[in-house]
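Note sheet for the following structure.
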Amino acid sequence: MIERTLFSADHEAFRDAFRRFVEQEIAPFHAEWEEQGYVDREVWRKAGANGYLCPSMPEEYGGAGADKLYSVVQMEELARGGYSGIGYSLHSEIVAPYILHYGTEEQKRRYLPKLASGEMVGAIAMSEPSAGSDLQGVRSTALKQADGSYLLNGSKTFITNGWHAELVIVVAKTDPAAGAKGTSLLLVERGMAGFEKGKRLKKLGLKAQDTSELFFDNVRVPAENLLGGPAFENRGFICLMEQLPWERTQIAVTAVAAAQTAIDQTVEYVKDRRVFGQPVAAFQNTRYKLAELQTQVQVARVFVDKCLELIVQDKLDTATASMAKYWTTDLQCQVMDECVQLHGGYGYMWEVPITRAYADARVQRIYGGTNEIMKEVITRAMGLGGR
């Protein structure tokens with residue numbers, strides 16, 4: 001296999017430490033959390049106390065000032081163990097960066113230390129019942145009032161970390177007549193009058209992840225909670241487009257890590273499982289199928305590692321991130337399907353890891369923009385855009 005050169009000795013030391021944290025604080029409880037539909041709130045506080053939240057945030061705002069690869073290590077370790085209920089990456093590498101990149105100084109100092117400590121759990125509310133990948137179709141409105149505040153109305157769905165969230169970045173139209181150019185991002189806190197959380201959604205996979213509906217009924221959001229302040233009113237869509245490449249790369253990272261784990265687990269299974277008096281691994285079909293899958297995952301890993309190099313250099317373009325997201329998640333689902341098949345009947349039993357990995361994988365082709373949208377983004381970069 002091609003040796004990875006992406007990580008330094010410090011990154012690997014961090015991996016060892018985080019793996020121990022996962023083994024102690026997450027692994028023994030994850031099955032229970034899948035049953036209850038959300039992880040315990042305490043696992044967020046423990047992560048914050050150990051420096052595992054917002055590591056790439058500057059030290060002055062409670063982070064470690066580390067590069068994004070430390071967060072990538074966390075993503076890989078959680079995917080490796082199938083601990084899909086833990087929403088650290090969205091909190092640390094999607095929500096916090098929005099505040100860091102676009103927030104006012106007062107907003108950074110108010111929220112980032114609390115996100116880094118685990119005092120606050122962060123979420124971002126984009127999707128609506130009638131608007132998923134098409135963010136221009138958002139219908140939630142935040143209309144400016146005479147006193148400068150915003151009156152927020154609308155609903156959101158499929159919101160990761162939504163049940164635990166104390167802070168939600170809400171995508172809404174501050175100028176509905178302007179379409180995408182009238183979109184803003186608002187910082188909505190738990191406890192604001194009119195902000196209600198709906199039921200925790202029961203899903204095909206990611207069963208320990210607290211995915212929720214959110215409702216906003218005449219929520220009065222103070223002027224100082226407009227992300228970025230007055231200069232960023234109606235500029236929210238631009239902010240979203242700027243941050244999506246990193247979000248989509250994160251999905252690719254987890255896709256490759258989960259696919260590699262599935263292969264490793266299946267290799268061990270087919271060595272032990274016997275059919276017609278010999279190990280399943282002795283059949284040529286088994287060996288060739290696993291060789292094909294390992295080759296594809298190796299190719300994917302090299303490509304994603306290159307994307308991560310570009311991320312660290314702030315050079316990754318939207319089209320390339322879209323390629324990584326669509327191709328690796330398609331591959332992830334293919335790998336899971338083939339590995340389930342090689343497990344036979346055991347591959348259909350929930351207590352077997354490959355079964356849960358199969359269920360968890362399917363959404364990867366949907367969130368962060370469906371893979372069909374990814375192909376549309378790529379074709380436009382090629383000069384083949386439609387209307």
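Chain labels run A, B, ... following the order of the structure tokens; each chain numbers its residues from 1, and ligands are numbered from 1 in the order shown.
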Long-range neighbours of Ala146 of chain A as a PDB file with N, CA and C atoms, in the first residue's frame, 12 Å cut-off, only C-alpha atoms, 4 positions minimum in chain:
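Contents of selection.pdb, freshly written:
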ATOM      1  N   TYR A 150     -34.346  41.030  14.236  1.00  0.00           N
ATOM      2  CA  TYR A 150     -34.915  40.259  13.132  1.00  0.00           C
ATOM      3  C   TYR A 150     -35.994  39.339  13.681  1.00  0.00           C
ATOM      4  N   LEU A 151     -37.127  39.262  12.975  1.00  0.00           N
ATOM      5  CA  LEU A 151     -38.207  38.370  13.365  1.00  0.00           C
ATOM      6  C   LEU A 151     -38.105  37.125  12.491  1.00  0.00           C
ATOM      7  N   ARG A 220     -37.494  36.560  18.051  1.00  0.00           N
ATOM      8  CA  ARG A 220     -36.859  37.876  17.909  1.00  0.00           C
ATOM      9  C   ARG A 220     -35.355  37.707  18.128  1.00  0.00           C
ATOM     10  N   PRO A 222     -31.733  39.327  18.180  1.00  0.00           N
ATOM     11  CA  PRO A 222     -31.113  40.662  18.303  1.00  0.00           C
ATOM     12  C   PRO A 222     -30.218  40.977  17.114  1.00  0.00           C
ATOM     13  N   ALA A 223     -30.085  42.257  16.820  1.00  0.00           N
ATOM     14  CA  ALA A 223     -29.259  42.690  15.696  1.00  0.00           C
ATOM     15  C   ALA A 223     -27.833  42.172  15.817  1.00  0.00           C
TER      16      ALA A 223
END
What are the closest atom pairs, with distances in Å to one decimal, for all residues of segment 245-297 of chain A lying within 12 Å of segment 82-102 of chain A? Consider only C-alpha atoms, order rows by chain and residue number, and present the result as JSON lines.
{"residue": "A:Pro245", "atom": "CA", "partner": "A:Ile94", "partner_atom": "CA", "distance": 10.7}
{"residue": "A:Trp246", "atom": "CA", "partner": "A:Ile94", "partner_atom": "CA", "distance": 8.1}
{"residue": "A:Glu247", "atom": "CA", "partner": "A:Ile94", "partner_atom": "CA", "distance": 6.7}
{"residue": "A:Arg248", "atom": "CA", "partner": "A:Ile94", "partner_atom": "CA", "distance": 10.4}
{"residue": "A:Thr249", "atom": "CA", "partner": "A:Glu93", "partner_atom": "CA", "distance": 11.0}
{"residue": "A:Gln250", "atom": "CA", "partner": "A:Ser89", "partner_atom": "CA", "distance": 8.1}
{"residue": "A:Ile251", "atom": "CA", "partner": "A:Ser89", "partner_atom": "CA", "distance": 9.9}
{"residue": "A:Val253", "atom": "CA", "partner": "A:Ser89", "partner_atom": "CA", "distance": 11.1}
{"residue": "A:Thr254", "atom": "CA", "partner": "A:Ser84", "partner_atom": "CA", "distance": 9.8}
{"residue": "A:Ala255", "atom": "CA", "partner": "A:Gly82", "partner_atom": "CA", "distance": 11.1}
{"residue": "A:Ala257", "atom": "CA", "partner": "A:Gly82", "partner_atom": "CA", "distance": 9.6}
{"residue": "A:Ala258", "atom": "CA", "partner": "A:Gly82", "partner_atom": "CA", "distance": 7.2}
{"residue": "A:Ala259", "atom": "CA", "partner": "A:Gly82", "partner_atom": "CA", "distance": 10.5}
{"residue": "A:Gln260", "atom": "CA", "partner": "A:Gly82", "partner_atom": "CA", "distance": 11.5}
{"residue": "A:Thr261", "atom": "CA", "partner": "A:Gly82", "partner_atom": "CA", "distance": 8.6}
{"residue": "A:Ala262", "atom": "CA", "partner": "A:Gly82", "partner_atom": "CA", "distance": 9.6}
{"residue": "A:Gln265", "atom": "CA", "partner": "A:Gly82", "partner_atom": "CA", "distance": 11.7}
So that I have them on file, write out the residues from the current selection with C-alpha atoms, as a short mmCIF file (atom, residue, chain, number, x, y, z; two decimals), in the first residue's frame.
data_model
loop_
_atom_site.label_atom_id
_atom_site.label_comp_id
_atom_site.auth_asym_id
_atom_site.auth_seq_id
_atom_site.Cartn_x
_atom_site.Cartn_y
_atom_site.Cartn_z
CA PRO A 245 -15.82 22.57 -0.12
CA TRP A 246 -14.42 21.85 3.35
CA GLU A 247 -17.71 20.31 4.49
CA ARG A 248 -17.77 18.03 1.44
CA THR A 249 -14.15 17.04 1.95
CA GLN A 250 -14.98 16.00 5.50
CA ILE A 251 -17.66 13.68 4.14
CA VAL A 253 -12.65 11.62 4.67
CA THR A 254 -15.23 9.64 6.62
CA ALA A 255 -16.29 7.72 3.51
CA ALA A 257 -12.11 5.62 6.53
CA ALA A 258 -15.38 3.72 6.90
CA ALA A 259 -14.82 1.82 3.65
CA GLN A 260 -11.34 0.74 4.74
CA THR A 261 -12.68 -0.47 8.07
CA ALA A 262 -15.38 -2.48 6.28
CA GLN A 265 -13.48 -6.44 9.08
#
(request) Give me the residues within 12 Å of Ala31 of chain A as a list in words, counting only C-alpha atoms and dropping any in the same chain fewer than 5 places off. (result)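 Residues meeting the cut-off are Ile26, Gln36, Gly37, Tyr38, Val39, Asp40, Gly81, Gly82, Tyr83, Ser84, Gly85, Leu206, Lys207, Ala208, Gln209, Trp350, Glu351, Val352, Pro353 and Arg356 of chain A.
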Same residues, N, CA and C atoms, saved as a compact mmCIF listing (two decimals), in the first residue's frame:
# COMPACT_ATOMS: atom_id res chain seq x y z
N ILE A 26 -16.50 6.55 24.56
CA ILE A 26 -17.50 6.41 23.49
C ILE A 26 -17.84 4.95 23.21
N GLN A 36 -31.24 4.84 22.37
CA GLN A 36 -31.96 6.00 22.87
C GLN A 36 -32.08 7.11 21.84
N GLY A 37 -31.28 7.05 20.76
CA GLY A 37 -31.42 8.01 19.67
C GLY A 37 -30.57 9.26 19.79
N TYR A 38 -29.68 9.31 20.77
CA TYR A 38 -28.79 10.45 20.92
C TYR A 38 -27.68 10.06 21.89
N VAL A 39 -26.54 10.74 21.78
CA VAL A 39 -25.43 10.48 22.71
C VAL A 39 -25.67 11.28 23.98
N ASP A 40 -25.05 10.84 25.06
CA ASP A 40 -25.18 11.58 26.31
C ASP A 40 -24.48 12.93 26.19
N GLY A 81 -14.24 3.31 13.97
CA GLY A 81 -14.97 2.54 14.96
C GLY A 81 -16.47 2.47 14.72
N GLY A 82 -16.95 3.19 13.69
CA GLY A 82 -18.39 3.20 13.43
C GLY A 82 -19.18 4.01 14.43
N TYR A 83 -18.53 5.00 15.06
CA TYR A 83 -19.20 5.79 16.10
C TYR A 83 -19.88 7.00 15.46
N SER A 84 -20.91 6.73 14.71
CA SER A 84 -21.55 7.75 13.87
C SER A 84 -22.46 8.70 14.64
N GLY A 85 -22.64 8.44 15.93
CA GLY A 85 -23.48 9.35 16.71
C GLY A 85 -22.77 10.60 17.17
N LEU A 206 -27.19 6.05 11.30
CA LEU A 206 -26.78 7.14 12.20
C LEU A 206 -27.73 7.25 13.38
N LYS A 207 -28.06 6.11 13.97
CA LYS A 207 -29.14 6.07 14.95
C LYS A 207 -28.81 6.76 16.27
N ALA A 208 -27.53 6.93 16.58
CA ALA A 208 -27.15 7.62 17.81
C ALA A 208 -26.97 9.12 17.60
N GLN A 209 -27.12 9.57 16.37
CA GLN A 209 -26.93 10.98 16.07
C GLN A 209 -28.24 11.72 16.28
N TRP A 350 -28.14 -6.76 12.96
CA TRP A 350 -27.79 -5.42 13.44
C TRP A 350 -26.59 -5.42 14.37
N GLU A 351 -26.40 -6.51 15.15
CA GLU A 351 -25.28 -6.52 16.09
C GLU A 351 -23.93 -6.69 15.41
N VAL A 352 -23.92 -7.03 14.12
CA VAL A 352 -22.67 -7.18 13.38
C VAL A 352 -22.28 -5.80 12.82
N PRO A 353 -21.04 -5.34 13.04
CA PRO A 353 -20.66 -3.98 12.64
C PRO A 353 -20.91 -3.64 11.18
N ARG A 356 -24.45 -2.23 10.53
CA ARG A 356 -24.65 -0.83 10.93
C ARG A 356 -23.91 0.11 9.98
Which polymer residues have any atom within 12 Å of an atom of Gly148 of chain A, counting only C-alpha atoms, with same-chain residues fewer than 5 positions away left out, as a PDB file with N, CA and C atoms, in the first residue's frame?
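The new file selection-v3.pdb reads:
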ATOM      1  N   ALA A 142     -36.278  36.091   8.021  1.00  0.00           N
ATOM      2  CA  ALA A 142     -35.835  36.860   9.190  1.00  0.00           C
ATOM      3  C   ALA A 142     -35.965  38.330   8.796  1.00  0.00           C
ATOM      4  N   LEU A 143     -37.099  38.886   9.081  1.00  0.00           N
ATOM      5  CA  LEU A 143     -37.409  40.242   8.605  1.00  0.00           C
ATOM      6  C   LEU A 143     -36.991  41.285   9.639  1.00  0.00           C
ATOM      7  N   ARG A 220     -37.494  36.560  18.051  1.00  0.00           N
ATOM      8  CA  ARG A 220     -36.859  37.876  17.909  1.00  0.00           C
ATOM      9  C   ARG A 220     -35.355  37.707  18.128  1.00  0.00           C
ATOM     10  N   VAL A 221     -34.600  37.836  17.043  1.00  0.00           N
ATOM     11  CA  VAL A 221     -33.157  37.652  17.085  1.00  0.00           C
ATOM     12  C   VAL A 221     -32.509  39.039  17.145  1.00  0.00           C
ATOM     13  N   PRO A 222     -31.733  39.327  18.180  1.00  0.00           N
ATOM     14  CA  PRO A 222     -31.113  40.662  18.303  1.00  0.00           C
ATOM     15  C   PRO A 222     -30.218  40.977  17.114  1.00  0.00           C
ATOM     16  N   ALA A 223     -30.085  42.257  16.820  1.00  0.00           N
ATOM     17  CA  ALA A 223     -29.259  42.690  15.696  1.00  0.00           C
ATOM     18  C   ALA A 223     -27.833  42.172  15.817  1.00  0.00           C
ATOM     19  N   GLU A 224     -27.321  42.082  17.058  1.00  0.00           N
ATOM     20  CA  GLU A 224     -25.941  41.627  17.244  1.00  0.00           C
ATOM     21  C   GLU A 224     -25.772  40.129  16.964  1.00  0.00           C
ATOM     22  N   ASN A 225     -26.872  39.417  16.717  1.00  0.00           N
ATOM     23  CA  ASN A 225     -26.793  37.996  16.406  1.00  0.00           C
ATOM     24  C   ASN A 225     -26.858  37.710  14.910  1.00  0.00           C
ATOM     25  N   LEU A 226     -26.814  38.753  14.103  1.00  0.00           N
ATOM     26  CA  LEU A 226     -26.624  38.551  12.665  1.00  0.00           C
ATOM     27  C   LEU A 226     -25.154  38.200  12.454  1.00  0.00           C
ATOM     28  N   GLY A 229     -22.396  40.748  11.491  1.00  0.00           N
ATOM     29  CA  GLY A 229     -22.855  42.122  11.657  1.00  0.00           C
ATOM     30  C   GLY A 229     -23.491  42.691  10.390  1.00  0.00           C
ATOM     31  N   PRO A 230     -23.801  43.988  10.386  1.00  0.00           N
ATOM     32  CA  PRO A 230     -24.520  44.612   9.270  1.00  0.00           C
ATOM     33  C   PRO A 230     -23.875  44.400   7.909  1.00  0.00           C
ATOM     34  N   GLU A 233     -25.284  41.304   6.135  1.00  0.00           N
ATOM     35  CA  GLU A 233     -26.701  41.128   5.825  1.00  0.00           C
ATOM     36  C   GLU A 233     -26.854  40.846   4.329  1.00  0.00           C
TER      37      GLU A 233
END
(request) Could you find all residues in segment 110-351 of chain A that DSSP calls helix (DSSP H, G or I) from the backbone, and write them as a PyMOL selection string? (result) chain A and resi 110-117+135-137+176-182+223-225+230-232+236-272+280-282+284-312+318-348
(message) So that I can see what lies close to segment 21-25 of chain A, please list as a PyMOL selection string the residues with an atom at most 10 Å from it, counting only C-alpha atoms and leaving out residues fewer than 3 positions away in the same chain.
(response) chain A and resi 15-18+28-30+42-43+46-47+50+52+74+77-78+81+83
(request) From a DSSP pass on the backbone, collect the residues of segment 55-197 of chain A flagged as strand (DSSP E or B) and hand them back as an MDAnalysis selection string. (result) chainID A and resid 122:125 128 131 141:144 150:159 167:173 183:189 195:197
Within 8 Å of segment 312-331 of chain A, which residues of segment 16-78 of chain A show up? Give each one with its shortest atom-to-atom distance in Å (one decimal) and the two atoms involved, counting only C-alpha atoms, rows by chain then rising residue number, as CSV.
residue,atom,partner,partner_atom,distance
A:Asp67,CA,A:Val312,CA,7.1
A:Lys68,CA,A:Val312,CA,6.7
A:Leu69,CA,A:Val312,CA,7.8
(message) I'd like the interatomic distance between atom CA of Leu240 of chain A and atom CA of Leu186 of chain A, to a tenth of an Å.
(response)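 Result for atom CA of Leu240 of chain A versus atom CA of Leu186 of chain A: 12.6 Å, one decimal.
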(message) I'd like to know which of A:Leu115, A:Leu214, A:Leu290, A:Val72 is closest to Thr157 of chain A, using only C-alpha atoms.
(response)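 Ranking A:Leu115, A:Leu214, A:Leu290, A:Val72 by distance to Thr157 of chain A, first place goes to A:Leu214.
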(message) Would you pick out the contacts of Leu342 of chain A at 12 Å or less, using only C-alpha atoms, so that residues sharing its chain but fewer than 3 positions from it are not included, and give the list as a ChimeraX atom specification?
(response) /A:262-263,265-271,273-275,279-281,283,285-290,335-339,345-348,354-355
Export, as an mmCIF file, in the first residue's frame, the selected residues with C-alpha atoms.
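So the final result, stored in result_25.cif, reads:
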data_model
loop_
_atom_site.group_PDB
_atom_site.id
_atom_site.type_symbol
_atom_site.label_atom_id
_atom_site.label_comp_id
_atom_site.auth_asym_id
_atom_site.auth_seq_id
_atom_site.Cartn_x
_atom_site.Cartn_y
_atom_site.Cartn_z
ATOM 1 C CA ALA A 262 -15.380 -2.476 6.282
ATOM 2 C CA ILE A 263 -12.737 -4.185 4.149
ATOM 3 C CA GLN A 265 -13.485 -6.444 9.080
ATOM 4 C CA THR A 266 -14.536 -8.501 6.072
ATOM 5 C CA VAL A 267 -11.031 -9.861 5.495
ATOM 6 C CA GLU A 268 -10.989 -11.160 9.073
ATOM 7 C CA TYR A 269 -14.466 -12.620 8.714
ATOM 8 C CA VAL A 270 -13.805 -14.537 5.479
ATOM 9 C CA LYS A 271 -10.621 -15.998 6.947
ATOM 10 C CA ARG A 273 -15.930 -18.384 8.203
ATOM 11 C CA ARG A 274 -15.967 -21.827 6.589
ATOM 12 C CA VAL A 275 -18.182 -22.976 3.718
ATOM 13 C CA PRO A 279 -12.609 -20.715 4.548
ATOM 14 C CA VAL A 280 -14.679 -18.279 2.490
ATOM 15 C CA ALA A 281 -11.356 -16.545 1.772
ATOM 16 C CA PHE A 283 -12.727 -18.956 -2.949
ATOM 17 C CA ASN A 285 -14.441 -14.805 -6.079
ATOM 18 C CA THR A 286 -13.963 -13.659 -2.478
ATOM 19 C CA ARG A 287 -10.298 -12.824 -2.904
ATOM 20 C CA TYR A 288 -10.752 -11.039 -6.226
ATOM 21 C CA LYS A 289 -13.712 -9.032 -4.976
ATOM 22 C CA LEU A 290 -11.748 -7.838 -1.946
ATOM 23 C CA VAL A 335 -17.937 -1.385 -0.531
ATOM 24 C CA MET A 336 -20.547 -1.780 2.204
ATOM 25 C CA ASP A 337 -22.882 -3.679 -0.103
ATOM 26 C CA GLU A 338 -20.172 -6.092 -1.248
ATOM 27 C CA CYS A 339 -18.946 -6.632 2.313
ATOM 28 C CA GLY A 345 -26.684 -13.933 6.706
ATOM 29 C CA TYR A 346 -24.592 -12.358 9.444
ATOM 30 C CA GLY A 347 -24.311 -9.263 7.265
ATOM 31 C CA TYR A 348 -28.017 -8.682 7.868
ATOM 32 C CA ILE A 354 -20.897 -4.270 8.853
ATOM 33 C CA THR A 355 -24.688 -4.121 9.038
#
(message) As an exercise, work out the distance from atom CA of Gly179 of chain A to atom CA of Val138 of chain A in Å and give it to one decimal place.
(response)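 Atom-to-atom, atom CA of Gly179 of chain A to atom CA of Val138 of chain A, that is 8.8 Å.
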(request) Find, counting only C-alpha atoms, the residue in A:Phe232, A:Gln334, A:Val299, A:Gly369 that gets nearest to Thr104 of chain A. (result) A:Phe232
(request) Check the smallest atom-to-atom distance from each of A:Thr295, A:Gln136, A:Ser212, A:Gln145 to Ile238 of chain A using only C-alpha atoms, then report the winner. (result) A:Gln136
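Each of A:Asn153, A:Thr160, A:Ser56, A:Gln107 was compared to Asp217 of chain A using only C-alpha atoms, and A:Asn153 turns out to be the nearest.
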